[in-house]
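A.B. asks: data13.txt is reproduced in full below (compact mmCIF, C-alpha atoms).
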```txt
# COMPACT_ATOMS: atom_id res chain seq x y z
CA MET A 28 -4.47 13.85 20.32
CA ARG A 29 -7.27 15.75 22.04
CA SER A 30 -9.69 15.02 19.21
CA ARG A 31 -9.05 11.28 19.63
CA VAL A 32 -9.83 11.43 23.34
CA ILE A 33 -13.03 13.38 22.70
CA ALA A 34 -14.07 10.95 19.97
CA GLY A 35 -13.36 8.01 22.30
CA VAL A 36 -15.38 9.54 25.16
CA TRP A 37 -18.24 10.26 22.71
CA TRP A 38 -18.19 6.62 21.57
CA LEU A 39 -18.40 5.42 25.19
CA LEU A 40 -21.24 7.82 26.06
CA VAL A 41 -23.34 6.84 23.03
CA ALA A 42 -22.61 3.13 23.52
CA ALA A 43 -23.61 3.38 27.18
CA ALA A 44 -26.87 5.19 26.31
CA LEU A 45 -27.63 2.61 23.58
CA LEU A 46 -27.09 -0.18 26.12
CA LEU A 47 -28.70 1.25 29.25
CA ALA A 48 -31.87 2.79 27.77
CA PRO A 49 -33.26 -0.49 26.30
CA LEU A 50 -32.32 -2.41 29.47
CA ALA A 51 -33.99 0.16 31.72
CA LEU A 52 -37.21 -0.01 29.69
CA ARG A 53 -37.07 -3.83 29.32
CA ASP A 54 -40.26 -4.49 31.30
CA ARG A 55 -42.40 -2.17 29.16
CA LEU A 56 -41.25 -3.49 25.74
CA PRO A 57 -42.95 -6.31 23.80
CA ASP A 58 -40.84 -9.39 23.08
CA PRO A 59 -39.96 -9.56 20.23
CA MET A 60 -39.97 -5.82 19.58
CA ALA A 61 -40.50 -4.06 16.24
CA THR A 62 -37.17 -3.00 14.72
CA HIS A 63 -37.90 -2.38 11.07
CA TRP A 64 -40.49 -0.35 9.21
CA GLY A 65 -40.96 -0.82 5.47
CA THR A 66 -41.34 1.71 2.74
CA THR A 67 -45.13 1.33 2.81
CA GLY A 68 -45.71 3.42 5.93
CA SER A 69 -45.95 3.26 9.67
CA VAL A 70 -46.63 -0.51 10.00
CA PRO A 71 -43.59 -2.48 11.20
CA ASP A 72 -42.40 -5.32 8.95
CA GLY A 73 -39.52 -6.70 10.99
CA SER A 74 -38.91 -7.67 14.59
CA SER A 75 -36.12 -8.84 16.80
CA SER A 76 -35.50 -9.77 20.41
CA LEU A 77 -34.28 -7.11 22.81
CA THR A 78 -30.83 -8.72 22.93
CA GLY A 79 -30.64 -8.79 19.14
CA PHE A 80 -31.63 -5.13 18.96
CA VAL A 81 -29.02 -4.05 21.51
CA ILE A 82 -26.26 -6.09 19.86
CA THR A 83 -27.17 -4.79 16.37
CA ILE A 84 -27.07 -1.10 17.32
CA GLN A 85 -23.87 -1.58 19.33
CA VAL A 86 -22.15 -3.32 16.40
CA ILE A 87 -23.31 -0.69 13.89
CA TRP A 88 -22.19 2.18 16.12
CA ALA A 89 -18.81 0.62 16.93
CA GLY A 90 -18.26 -0.31 13.27
CA LEU A 91 -19.05 3.19 11.98
CA TRP A 92 -16.94 4.81 14.69
CA VAL A 93 -13.92 2.62 13.85
CA LEU A 94 -14.44 3.27 10.13
CA PHE A 95 -14.45 7.06 10.56
CA PHE A 96 -11.55 6.87 12.97
CA LEU A 97 -9.42 4.89 10.50
CA LEU A 98 -10.39 7.05 7.51
CA GLY A 99 -9.62 10.22 9.41
CA ARG A 100 -6.43 8.91 10.96
CA GLN A 101 -3.92 10.05 8.39
CA ALA A 102 -4.69 13.73 8.17
CA ARG A 103 -6.82 14.94 11.02
CA VAL A 104 -4.51 17.92 11.33
CA ARG A 105 -5.85 19.63 8.23
CA ARG A 106 -9.01 21.62 8.44
CA PRO A 107 -11.31 19.87 5.90
CA ALA A 108 -10.37 16.44 7.25
CA ARG A 109 -10.87 17.56 10.84
CA MET A 110 -14.31 18.99 10.05
CA THR A 111 -15.39 15.89 8.09
CA PHE A 112 -14.23 13.57 10.86
CA SER A 113 -15.97 15.54 13.59
CA ALA A 114 -19.21 15.84 11.59
CA CYS A 115 -19.26 12.10 10.81
CA VAL A 116 -18.48 10.86 14.33
CA PHE A 117 -20.93 13.17 16.14
CA GLY A 118 -23.58 13.05 13.41
CA THR A 119 -23.71 9.24 13.36
CA GLY A 120 -23.79 9.18 17.14
CA VAL A 121 -26.85 11.43 17.19
CA LEU A 122 -28.40 9.41 14.36
CA MET A 123 -27.93 6.18 16.35
CA LEU A 124 -29.38 7.79 19.48
CA SER A 125 -32.40 9.14 17.55
CA VAL A 126 -33.05 5.79 15.86
CA ALA A 127 -32.84 3.97 19.20
CA ALA A 128 -35.03 6.58 20.91
CA SER A 129 -37.63 6.37 18.15
CA THR A 130 -37.63 2.55 18.18
CA LEU A 131 -37.97 2.38 21.96
CA SER A 132 -40.69 5.06 22.13
CA VAL A 133 -42.96 3.36 19.57
CA ASN A 134 -42.44 -0.06 21.19
CA LEU A 135 -43.10 1.30 24.65
CA ASP A 136 -46.20 -0.32 26.19
CA ALA A 137 -47.19 -1.93 22.85
CA ALA A 138 -49.02 -5.26 23.23
CA THR A 139 -47.13 -7.01 20.40
CA TRP A 140 -44.50 -5.76 17.94
CA ARG A 141 -47.13 -5.37 15.21
CA ASP A 142 -48.83 -2.64 17.22
CA ALA A 143 -45.72 -0.46 17.29
CA LEU A 144 -46.75 2.11 14.68
CA LEU A 145 -44.12 4.62 13.61
CA PRO A 146 -45.39 8.22 13.45
CA ALA A 147 -44.43 9.95 10.22
CA TRP A 148 -42.54 12.76 11.95
CA HIS A 149 -39.89 10.50 13.56
CA ILE A 150 -37.70 10.05 10.49
CA PRO A 151 -37.49 13.72 9.42
CA VAL A 152 -36.82 14.77 13.02
CA ALA A 153 -34.03 12.19 13.38
CA LEU A 154 -32.46 13.30 10.09
CA ALA A 155 -32.75 16.97 11.00
CA ALA A 156 -31.13 16.34 14.40
CA THR A 157 -28.30 14.48 12.64
CA ALA A 158 -27.77 17.25 10.08
CA ALA A 159 -27.81 19.93 12.76
CA THR A 160 -25.28 17.99 14.84
CA MET A 161 -23.01 17.49 11.83
CA ALA A 162 -23.08 21.21 11.02
CA LEU A 163 -22.42 22.15 14.65
CA ALA A 164 -19.64 19.56 15.08
CA ALA A 165 -17.95 20.77 11.89
CA TYR A 166 -18.30 24.41 12.94
CA LEU A 167 -16.82 23.82 16.39
CA VAL A 168 -13.56 22.45 14.97
CA SER A 169 -13.34 24.89 12.04
CA GLU A 170 -10.73 26.97 13.89
CA PRO A 171 -7.84 27.34 13.35
CA ALA A 172 -7.61 27.66 9.58
CA ASP A 173 -4.78 25.88 7.81
CA ASP A 174 -1.51 27.71 7.61
CA PRO A 175 -1.44 29.11 4.07
CA ARG A 176 2.37 28.98 4.09
CA ALA A 177 2.22 25.20 4.06
CA GLU A 178 0.69 25.39 0.59
CA SER A 179 3.00 27.91 -1.01
CA GLN A 180 5.76 25.43 -1.61
CA ALA A 181 8.32 25.60 -4.37
CA ARG A 182 6.91 25.43 -7.89
CA PRO A 183 9.01 22.99 -9.88
CA GLN A 184 10.01 24.16 -13.33
CA LEU A 185 11.53 22.17 -16.13
CA ARG A 186 14.21 23.62 -18.36
CA LEU A 187 12.94 23.56 -21.95
CA ASN A 188 15.51 23.72 -24.73
CA PRO A 189 14.66 25.62 -27.89
CA GLY A 190 13.57 23.38 -30.73
CA GLN A 191 12.23 20.76 -28.33
CA ARG A 192 8.70 19.67 -27.92
CA ALA A 193 7.79 18.22 -24.54
CA VAL A 194 4.60 16.43 -23.57
CA TRP A 195 3.59 14.72 -20.34
CA VAL A 196 1.23 11.78 -19.99
CA SER A 197 0.14 10.06 -16.84
CA ARG A 198 -2.61 7.78 -15.78
CA VAL A 199 -3.90 6.22 -12.64
CA VAL A 200 -6.25 3.27 -12.27
CA ASN A 201 -7.99 2.32 -9.04
CA PRO A 202 -8.30 -1.47 -8.94
CA TRP A 203 -10.99 -1.35 -6.21
CA LEU A 204 -13.21 0.97 -8.20
CA THR A 205 -12.63 -1.28 -11.21
CA VAL A 206 -13.80 -4.29 -9.21
CA ALA A 207 -16.80 -2.29 -7.93
CA MET A 208 -17.60 -1.28 -11.49
CA PHE A 209 -17.59 -4.90 -12.66
CA GLY A 210 -19.74 -5.86 -9.68
CA ALA A 211 -22.24 -3.15 -10.64
CA LEU A 212 -22.11 -4.39 -14.24
CA VAL A 213 -22.98 -7.94 -13.16
CA VAL A 214 -25.82 -6.71 -10.93
CA THR A 215 -27.15 -4.52 -13.75
CA VAL A 216 -27.09 -7.35 -16.30
CA VAL A 217 -28.77 -9.77 -13.89
CA THR A 218 -31.49 -7.30 -12.90
CA VAL A 219 -32.13 -6.32 -16.52
CA ALA A 220 -32.42 -10.01 -17.40
CA LEU A 221 -34.80 -10.63 -14.49
CA ALA A 222 -36.87 -7.56 -15.31
CA SER A 223 -37.15 -8.45 -19.00
CA THR A 224 -38.28 -12.02 -18.30
CA GLY A 225 -40.94 -10.69 -15.94
CA ALA A 226 -39.58 -12.70 -13.03
CA ALA A 227 -38.77 -9.49 -11.19
CA GLY A 228 -40.40 -8.29 -8.05
CA ASP A 229 -40.26 -4.94 -6.30
CA PRO A 230 -36.69 -5.28 -5.01
CA VAL A 231 -35.36 -5.53 -8.56
CA ARG A 232 -37.03 -2.27 -9.55
CA VAL A 233 -35.31 -0.62 -6.58
CA ILE A 234 -31.91 -2.15 -7.30
CA LEU A 235 -31.78 -1.42 -11.02
CA PRO A 236 -31.47 2.40 -10.89
CA LEU A 237 -28.89 2.09 -8.08
CA ALA A 238 -26.87 -0.43 -10.08
CA VAL A 239 -26.94 1.79 -13.17
CA ILE A 240 -25.83 4.85 -11.17
CA LEU A 241 -23.05 2.83 -9.54
CA LEU A 242 -22.01 1.47 -12.93
CA LEU A 243 -21.80 4.92 -14.53
CA ALA A 244 -19.97 6.38 -11.52
CA GLY A 245 -17.55 3.45 -11.54
CA LEU A 246 -16.96 3.71 -15.28
CA VAL A 247 -16.07 7.38 -15.05
CA SER A 248 -13.93 7.18 -11.91
CA MET A 249 -12.07 3.86 -12.28
CA ALA A 250 -9.31 5.51 -14.26
CA VAL A 251 -8.13 9.01 -15.01
CA SER A 252 -5.51 10.14 -17.48
CA VAL A 253 -3.85 13.53 -17.72
CA ARG A 254 -2.09 14.93 -20.78
CA VAL A 255 -0.11 18.11 -21.02
CA ARG A 256 0.58 19.21 -24.55
CA ASP A 257 1.29 22.55 -26.23
CA ASP A 258 -1.08 24.89 -24.42
CA LEU A 259 -3.68 22.47 -23.20
CA ILE A 260 -4.15 20.21 -20.18
CA THR A 261 -6.55 17.36 -20.92
CA ILE A 262 -8.07 15.25 -18.15
CA GLY A 263 -9.68 12.11 -19.52
CA PHE A 264 -12.05 10.08 -17.36
CA GLY A 265 -12.71 6.38 -17.53
CA PRO A 266 -10.85 3.66 -19.40
CA LEU A 267 -11.41 5.37 -22.76
CA GLY A 268 -10.36 8.81 -21.60
CA TRP A 269 -13.83 10.05 -22.41
CA PRO A 270 -15.52 12.27 -21.32
CA ALA A 271 -12.56 14.61 -21.16
CA ARG A 272 -12.05 18.02 -19.65
CA ARG A 273 -9.77 20.47 -21.43
CA ILE A 274 -8.11 23.30 -19.54
CA PRO A 275 -6.20 25.92 -21.56
CA LEU A 276 -2.85 26.78 -20.01
CA SER A 277 -3.76 30.46 -20.16
CA LYS A 278 -6.24 29.83 -17.32
CA VAL A 279 -3.61 28.26 -15.09
CA GLU A 280 -1.25 30.29 -12.95
CA SER A 281 0.97 27.49 -11.69
CA ALA A 282 1.03 23.79 -10.87
CA TRP A 283 2.61 21.76 -8.11
CA SER A 284 2.39 18.32 -6.58
CA GLU A 285 0.93 17.61 -3.18
CA GLN A 286 0.19 14.60 -0.98
CA ARG A 287 -3.53 14.18 -0.41
CA GLN A 288 -5.52 11.39 1.20
CA PRO A 289 -9.16 10.42 0.58
CA GLY A 290 -9.91 11.19 4.24
CA GLU A 291 -8.83 14.80 3.76
CA VAL A 292 -10.94 15.54 0.73
CA GLY A 293 -14.04 13.60 1.73
CA GLY A 294 -13.59 10.24 0.04
CA TRP A 295 -12.96 8.82 -3.40
CA GLY A 296 -14.21 10.13 -6.72
CA PHE A 297 -15.06 13.74 -7.49
CA ARG A 298 -14.77 15.68 -4.26
CA GLY A 299 -15.20 19.26 -3.20
CA LEU A 300 -16.79 22.18 -4.98
CA PRO A 301 -15.70 23.88 -8.19
CA GLY A 302 -12.87 26.17 -7.16
CA ASN A 303 -11.41 23.66 -4.72
CA ALA A 304 -12.13 20.24 -6.17
CA THR A 305 -10.17 16.99 -6.04
CA ILE A 306 -10.41 14.07 -8.42
CA MET A 307 -9.37 11.36 -5.97
CA LEU A 308 -8.72 7.83 -7.18
CA ARG A 309 -6.06 6.85 -4.67
CA GLY A 310 -4.27 8.52 -1.80
CA GLY A 311 -0.83 9.98 -2.33
CA GLU A 312 0.69 12.17 -4.99
CA CYS A 313 -1.68 14.66 -6.59
CA LEU A 314 -1.18 17.19 -9.36
CA VAL A 315 -2.63 20.52 -8.24
CA LEU A 316 -3.51 23.22 -10.75
CA GLY A 317 -3.78 26.74 -9.39
CA TYR A 318 -6.08 28.79 -11.62
CA ARG A 319 -5.60 32.48 -12.29
CA SER A 320 -9.08 32.97 -10.90
CA GLY A 321 -7.82 31.67 -7.54
CA GLY A 322 -9.48 28.26 -7.80
CA ARG A 323 -7.73 24.93 -7.49
CA LEU A 324 -8.09 21.53 -9.05
CA ALA A 325 -6.24 18.47 -7.73
CA ILE A 326 -5.97 15.18 -9.59
CA SER A 327 -4.50 12.09 -7.97
CA VAL A 328 -2.01 10.93 -10.56
CA ASP A 329 1.47 9.38 -10.67
CA ASP A 330 4.58 11.33 -11.62
CA ALA A 331 2.78 14.60 -10.72
CA GLU A 332 5.96 16.52 -9.89
CA ARG A 333 7.30 16.12 -13.43
CA GLY A 334 3.95 17.06 -14.92
CA ALA A 335 3.80 20.19 -12.77
CA SER A 336 7.31 21.17 -13.83
CA LEU A 337 6.33 20.90 -17.50
CA ILE A 338 3.13 22.91 -16.96
CA ASN A 339 5.10 25.68 -15.21
CA ALA A 340 7.71 25.69 -17.96
CA LEU A 341 5.07 25.88 -20.69
CA ILE A 342 3.26 28.69 -18.86
CA ALA A 343 6.52 30.63 -18.60
CA GLU A 344 7.31 30.04 -22.26
CA ARG A 345 3.96 30.46 -23.96
CA VAL A 346 1.61 32.40 -21.81
CA GLN A 347 4.03 35.00 -20.40
CA PRO A 348 6.74 35.36 -23.06
CA MET B 24 5.78 10.21 -18.36
CA LEU B 25 7.58 13.25 -19.70
CA LEU B 26 8.52 12.88 -23.35
CA THR B 27 10.65 15.35 -25.25
CA LEU B 28 11.03 15.31 -29.01
CA ASP B 29 13.61 17.33 -30.87
CA LEU B 30 11.99 19.15 -33.78
CA ASN B 31 15.27 19.24 -35.75
CA ASP B 32 16.01 15.54 -35.35
CA ALA B 33 16.34 13.92 -38.78
CA ARG B 34 15.95 10.31 -37.57
CA PRO B 35 12.76 8.38 -38.30
CA LEU B 36 9.95 9.35 -35.95
CA HIS B 37 9.64 5.92 -34.29
CA GLU B 38 13.33 6.06 -33.33
CA GLN B 39 12.82 9.50 -31.83
CA VAL B 40 9.83 8.24 -29.86
CA ALA B 41 11.85 5.24 -28.64
CA SER B 42 14.60 7.63 -27.53
CA ALA B 43 12.11 9.80 -25.68
CA ILE B 44 10.62 6.82 -23.84
CA ARG B 45 14.08 5.43 -23.08
CA ARG B 46 15.10 8.77 -21.65
CA ALA B 47 11.93 9.03 -19.55
CA ILE B 48 12.60 5.58 -18.07
CA GLY B 49 16.30 6.34 -17.64
CA GLU B 50 15.44 9.50 -15.70
CA GLY B 51 13.62 7.38 -13.16
CA SER B 52 10.01 8.34 -13.69
CA TYR B 53 9.21 4.65 -14.13
CA ARG B 54 10.71 1.75 -12.22
CA THR B 55 10.90 -1.92 -13.07
CA GLY B 56 7.42 -3.40 -13.16
CA ASP B 57 5.62 -0.06 -13.54
CA ARG B 58 3.05 0.16 -16.26
CA LEU B 59 3.48 2.64 -19.05
CA PRO B 60 0.54 4.83 -20.12
CA PRO B 61 -1.34 3.20 -23.02
CA ALA B 62 0.17 3.71 -26.47
CA ARG B 63 -2.98 5.55 -27.51
CA ASP B 64 -2.49 8.16 -24.75
CA LEU B 65 1.14 8.64 -25.75
CA ALA B 66 0.21 8.98 -29.42
CA VAL B 67 -2.51 11.56 -28.74
CA ALA B 68 -0.21 13.54 -26.45
CA MET B 69 2.59 13.67 -29.03
CA GLY B 70 0.16 14.20 -31.89
CA ILE B 71 1.43 11.23 -33.87
CA ASN B 72 0.04 7.98 -35.22
CA PRO B 73 -0.49 5.22 -32.61
CA ASN B 74 1.27 2.77 -34.93
CA THR B 75 4.44 4.84 -34.71
CA VAL B 76 4.28 4.63 -30.91
CA LEU B 77 3.63 0.89 -31.09
CA ARG B 78 6.63 0.46 -33.34
CA ALA B 79 8.79 2.37 -30.88
CA LEU B 80 7.44 0.25 -28.01
CA ARG B 81 8.22 -2.96 -29.92
CA ASP B 82 11.77 -1.74 -30.59
CA LEU B 83 12.19 -1.13 -26.87
CA ARG B 84 10.77 -4.56 -26.07
CA ASP B 85 13.32 -6.16 -28.45
CA GLU B 86 15.97 -4.16 -26.64
CA GLY B 87 14.79 -5.73 -23.35
CA LEU B 88 13.64 -2.50 -21.75
CA LEU B 89 9.92 -3.15 -21.96
CA GLU B 90 7.71 -6.15 -21.51
CA PHE B 91 4.34 -6.75 -23.20
CA ARG B 92 1.77 -8.73 -21.28
CA ARG B 93 -1.69 -9.57 -22.41
CA GLY B 94 -4.26 -7.71 -20.38
CA ARG B 95 -1.58 -5.90 -18.37
CA GLY B 96 -0.37 -3.56 -21.06
CA VAL B 97 3.24 -2.51 -21.40
CA SER B 98 5.50 -2.44 -18.37
CA VAL B 99 9.13 -1.71 -17.68
CA ALA B 100 11.13 -4.95 -17.72
CA GLY B 101 14.51 -3.84 -16.58
CA ARG B 102 17.17 -1.23 -16.75
CA ALA B 103 17.77 0.58 -20.00
CA ASP B 104 20.36 -0.97 -22.28
CA GLY B 105 23.55 0.87 -21.38
CA ARG B 106 24.87 1.11 -24.89
CA ALA B 107 21.62 2.41 -26.35
CA LEU B 108 21.34 5.00 -23.60
CA LEU B 109 24.98 6.08 -24.07
CA THR B 110 24.57 6.34 -27.83
CA GLN B 111 21.61 8.55 -27.28
CA ARG B 112 23.39 10.78 -24.80
CA ALA B 113 26.38 11.00 -27.15
CA ARG B 114 24.12 12.07 -30.00
CA GLU B 115 22.63 14.78 -27.84
CA LEU B 116 26.09 15.87 -26.78
CA LEU B 117 27.18 16.06 -30.41
CA GLU B 118 24.19 18.22 -31.27
CA GLU B 119 24.94 20.54 -28.38
CA ALA B 120 28.59 20.74 -29.45
CA ARG B 121 27.51 21.71 -32.97
CA ARG B 122 25.32 24.46 -31.54
CA TYR B 123 28.43 25.93 -29.90
CA GLY B 124 30.41 25.56 -33.11
CA TYR B 125 32.46 22.48 -32.23
CA SER B 126 32.83 19.66 -34.74
CA ARG B 127 32.71 15.90 -34.12
CA ASP B 128 36.51 15.74 -34.06
CA ASP B 129 36.64 18.55 -31.47
CA LEU B 130 34.29 16.55 -29.30
CA ILE B 131 36.45 13.43 -29.65
CA THR B 132 39.47 15.48 -28.61
CA ILE B 133 37.56 16.73 -25.55
CA LEU B 134 36.62 13.16 -24.65
CA GLU B 135 40.21 11.97 -25.04
CA ASP B 136 41.43 14.81 -22.82
CA LEU B 137 39.06 13.66 -20.11
CA THR B 138 40.93 10.46 -19.32
```
Would you encode the structure as structure tokens?
C.D. replies:
Amino acid sequence: MRSRVIAGVWWLLVAAALLLAPLALRDRLPDPMATHWGTTGSVPDGSSSLTGFVITIQVIWAGLWVLFFLLGRQARVRRPARMTFSACVFGTGVLMLSVAASTLSVNLDAATWRDALLPAWHIPVALAATAATMALAAYLVSEPADDPRAESQARPQLRLNPGQRAVWVSRVVNPWLTVAMFGALVVTVVTVALASTGAAGDPVRVILPLAVILLLAGLVSMAVSVRVRDDLITIGFGPLGWPARRIPLSKVESAWSEQRQPGEVGGWGFRGLPGNATIMLRGGECLVLGYRSGGRLAISVDDAERGASLINALIAERVQP
Amino acid sequence: MLLTLDLNDARPLHEQVASAIRRAIGEGSYRTGDRLPPARDLAVAMGINPNTVLRALRDLRDEGLLEFRRGRGVSVAGRADGRALLTQRARELLEEARRYGYSRDDLITILEDLT
């Protein structure tokens, strides 16, 4: 509750600064003013009226704030989600303020918008201020740590009869990532076609690597399948289940199922660091493997409870007879 | 989907696989309309030929339990056929009775005493 109030007050403060500063300096700004600098250097390549500039930054700030607020809504209680939310909201606020300050300072007293040259140090300073704010905002909400008792829930265990062989298979497909993957595929094909016919300009050369990266990321993360068999857990990525990761049961101490949301783990796809990673394709039920080394791996997959019960039963039967 | 195969079962493998899938659906891990994992995944997990799994899936489709749709894979069409499920449970019961030294006739007597 308190975090929502603070986030709301922060939104108002930043929005007020983004509105009042340009209006206060109105008489000393060229009309139109420079608002965009290209990749070539300090010379501006885009301009907009003062009203347009104010509306654009207000819309971007409000949009990002609402986005972070909605993404963080479900699980702000837990520590990683709380830290991510705080870092994003305060970091973007500082980024918006730095961008506006930089834009206003270079436009200040310029004759026309083309004279508003951007010094090279503005961008690194703005990014550094953002990063520092994110780190500080995350640090300030890092206490208290999550209650470890909440995690040590009951470990389900299946009863295996002698002479029976049990396997578990599950799979989850994210339709949105599938759509994104096909979108990236179309973009890639079109840009390759344009590039090969020589009709391509600079933008195509920029888009192509991005499209290929998006395509590969989408291919790997649109679907995930998990198999438990004998003494091996196999996690297959992508529609073909390849590449696959194989985890011997001897490395696993126990398994359980847990509810996790993308907002808690930092988004969709492969999240976290080795030792506490999540393969997140959709919010909800996740299969969590607790390694003997103390690490964890969570995979968002259907029917996780049953899978965990089989893993625990197989561990009890094979690894610790 | 949790599938259990009995290593001492003398029935053809595709019937055993069909039983395992029927049991998994009967236990509630999949509801009507849910998609089953691809036959290839099931085959790799059980270490058997994909054609055997496909044959089992076709048997279950003929039974009305599963539905094949182009581009959508295999999904659960409805509730398991009661008789098929009961036959399966009865077979398992008979096997368990034999493990404890009871014959088929003993089991029938037990069933008759139940009413």
A.B. asks: Using all atoms listed in the file, can you tell me which of A:Gly268, A:Gly35, A:Pro275, A:Gly290 comes closest to chain B?
C.D. replies: A:Gly268
A.B. asks: Would you compute the box with edges along x, y and z of the file around region 133-141 of chain A, including every atom the file lists for it and 3 Å extra on each side, and give its centre and edge lengths in Å to one decimal, as lines of an AutoDock Vina configuration file?
C.D. replies:
```
center_x = -45.7
center_y = -1.8
center_z = 20.7
size_x = 12.6
size_y = 16.4
size_z = 17.0
```
A.B. asks: Find the spatial neighbours of Leu259 (chain A), counting all atoms listed in the file, within a cut-off of 10 Å - ignore same-chain residues fewer than 3 positions away - and output them as a list in words.
C.D. replies: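 So, after excluding close chain neighbours, the residues are Arg254, Val255, Arg256, Ile262, Arg273, Ile274, Pro275, Leu276, Ser277, Lys278, Val279, Ile338 and Leu341 of chain A.
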A.B. asks: Counting all atoms listed in the file, what are the residues of chain B within 9 Å of chain A, and for each of them which pair of atoms is the nearest and at what distance in Å, to one decimal? Sort the table by chain and rising number, as CSV.
C.D. replies:
```
residue,atom,partner,partner_atom,distance
B:Met24,CA,A:Val196,CA,5.1
B:Leu25,CA,A:Trp195,CA,4.3
B:Leu26,CA,A:Val194,CA,5.3
B:Thr27,CA,A:Ala193,CA,4.1
B:Leu28,CA,A:Arg192,CA,5.1
B:Asp29,CA,A:Gln191,CA,4.5
B:Leu30,CA,A:Gly190,CA,5.4
B:Asn31,CA,A:Gly190,CA,6.7
B:Ser52,CA,A:Asp330,CA,6.5
B:Tyr53,CA,A:Asp330,CA,8.5
B:Leu59,CA,A:Ser197,CA,8.4
B:Pro60,CA,A:Arg198,CA,6.1
B:Pro61,CA,A:Arg198,CA,8.7
B:Asp64,CA,A:Val196,CA,7.0
B:Leu65,CA,A:Val196,CA,6.6
B:Val67,CA,A:Arg254,CA,8.7
B:Ala68,CA,A:Arg256,CA,6.0
B:Met69,CA,A:Val194,CA,6.4
B:Gly70,CA,A:Arg256,CA,8.9
```
A.B. asks: Please report the interatomic distance between CA of Leu314 (chain A) and CA of Leu89 (chain B) in Å with one decimal.
C.D. replies: 26.4 Å
A.B. asks: At most 9 Å is the cut-off: for each residue in region 25-84 of chain B with any atom that close to an atom of region 106-110 of chain B, write down the nearest atom pair and the distance in Å rounded to one decimal, counting all atoms listed in the file, chain first then increasing number, as a Markdown table.
C.D. replies:
```
| residue | atom | partner | partner_atom | distance |
| --- | --- | --- | --- | --- |
| B:Ser42 | CA | B:Leu108 | CA | 8.2 |
| B:Arg45 | CA | B:Leu108 | CA | 7.3 |
| B:Arg46 | CA | B:Leu108 | CA | 7.5 |
| B:Gly49 | CA | B:Leu108 | CA | 7.9 |
```
A.B. asks: Rounded to one decimal in Å, what is the spacing between CA of Leu130 (chain B) and CA of Leu117 (chain B)?
C.D. replies: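 Result for CA of Leu130 (chain B) versus CA of Leu117 (chain B): 7.2 Å, one decimal.
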A.B. asks: Just the residues within 12 Å of His37 (chain B), please, counting only C-alpha atoms, with nothing from its chain fewer than 2 positions along; format it as a PyMOL selection string.
C.D. replies: chain B and resi 28+32-35+39-44+66+69+71-83
A.B. asks: Go through A:Val152, A:Leu45, A:Ala244, A:Val328 one by one, measure the shortest atom-to-atom distance of each to Phe297 (chain A) using all atoms listed in the file, and give the residue with the smallest value.
C.D. replies: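 Checking each of A:Val152, A:Leu45, A:Ala244, A:Val328 against Phe297 (chain A), counting all atoms listed in the file, the winner is A:Ala244.
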A.B. asks: Point out the residue among A:Gly322, A:Gly294, A:Pro151, A:Pro107 with the least atom-to-atom distance to Gly310 (chain A), counting only C-alpha atoms.
C.D. replies: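 So, comparing all the options, the nearest one is A:Gly294.
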A.B. asks: Report, in Å with one decimal, the straight-line distance from CA of Ala113 (chain B) to CA of Ser98 (chain B).
C.D. replies: 26.3 Å
A.B. asks: Find the spatial neighbours of region 124-140 of chain A, counting all atoms listed in the file, within a cut-off of 6 Å - ignore same-chain residues fewer than 6 positions away - and output them as a list in words.
C.D. replies: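 Surrounding residues, per the criterion: Arg55, Leu56, Pro57, Met60, Ala61 and Ala153 of chain A.
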A.B. asks: List as a list in words the protein and nucleic acid residues near Ala34 (chain A), meaning an atom at most 9 Å away when all atoms listed in the file are counted, but skip any in the same chain fewer than 4 places from it.
C.D. replies: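 After dropping sequence-adjacent residues, the list is Arg29, Ser30, Trp38, Leu39, Trp92, Phe96, Ser113, Val116 and Phe117 of chain A.
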A.B. asks: Using all atoms listed in the file, which residue out of A:Val213, A:Ala156, A:Ala42, A:Val292 lies closest to Arg106 (chain A)?
C.D. replies: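 Residue with the minimum atom-to-atom distance to Arg106 (chain A): A:Val292.
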A.B. asks: Which neighbours of region 165-171 of chain A fall inside 9 Å, counting all atoms listed in the file, when residues of the same chain fewer than 4 positions from it are skipped, and could you give them as a list in words?
C.D. replies: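 Using all atoms listed in the file, the neighbours found are Arg106, Pro107, Arg109, Met110, Thr111, Phe112, Ser113, Ala114, Cys115, Thr160 and Met161 of chain A.
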A.B. asks: Give as a list of chain:residue names every residue, naming chains and numbers as the document does, that has an atom within 10 Å of (-23.0, -4.3, -12.8), counting only C-alpha atoms.
C.D. replies: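 Here is the list of nearby residues: A:Val206, A:Ala207, A:Met208, A:Phe209, A:Gly210, A:Ala211, A:Leu212, A:Val213, A:Val214, A:Thr215, A:Val216, A:Val217, A:Thr218, A:Leu235, A:Leu237, A:Ala238, A:Val239, A:Ile240, A:Leu241, A:Leu242, A:Leu243, A:Gly245.
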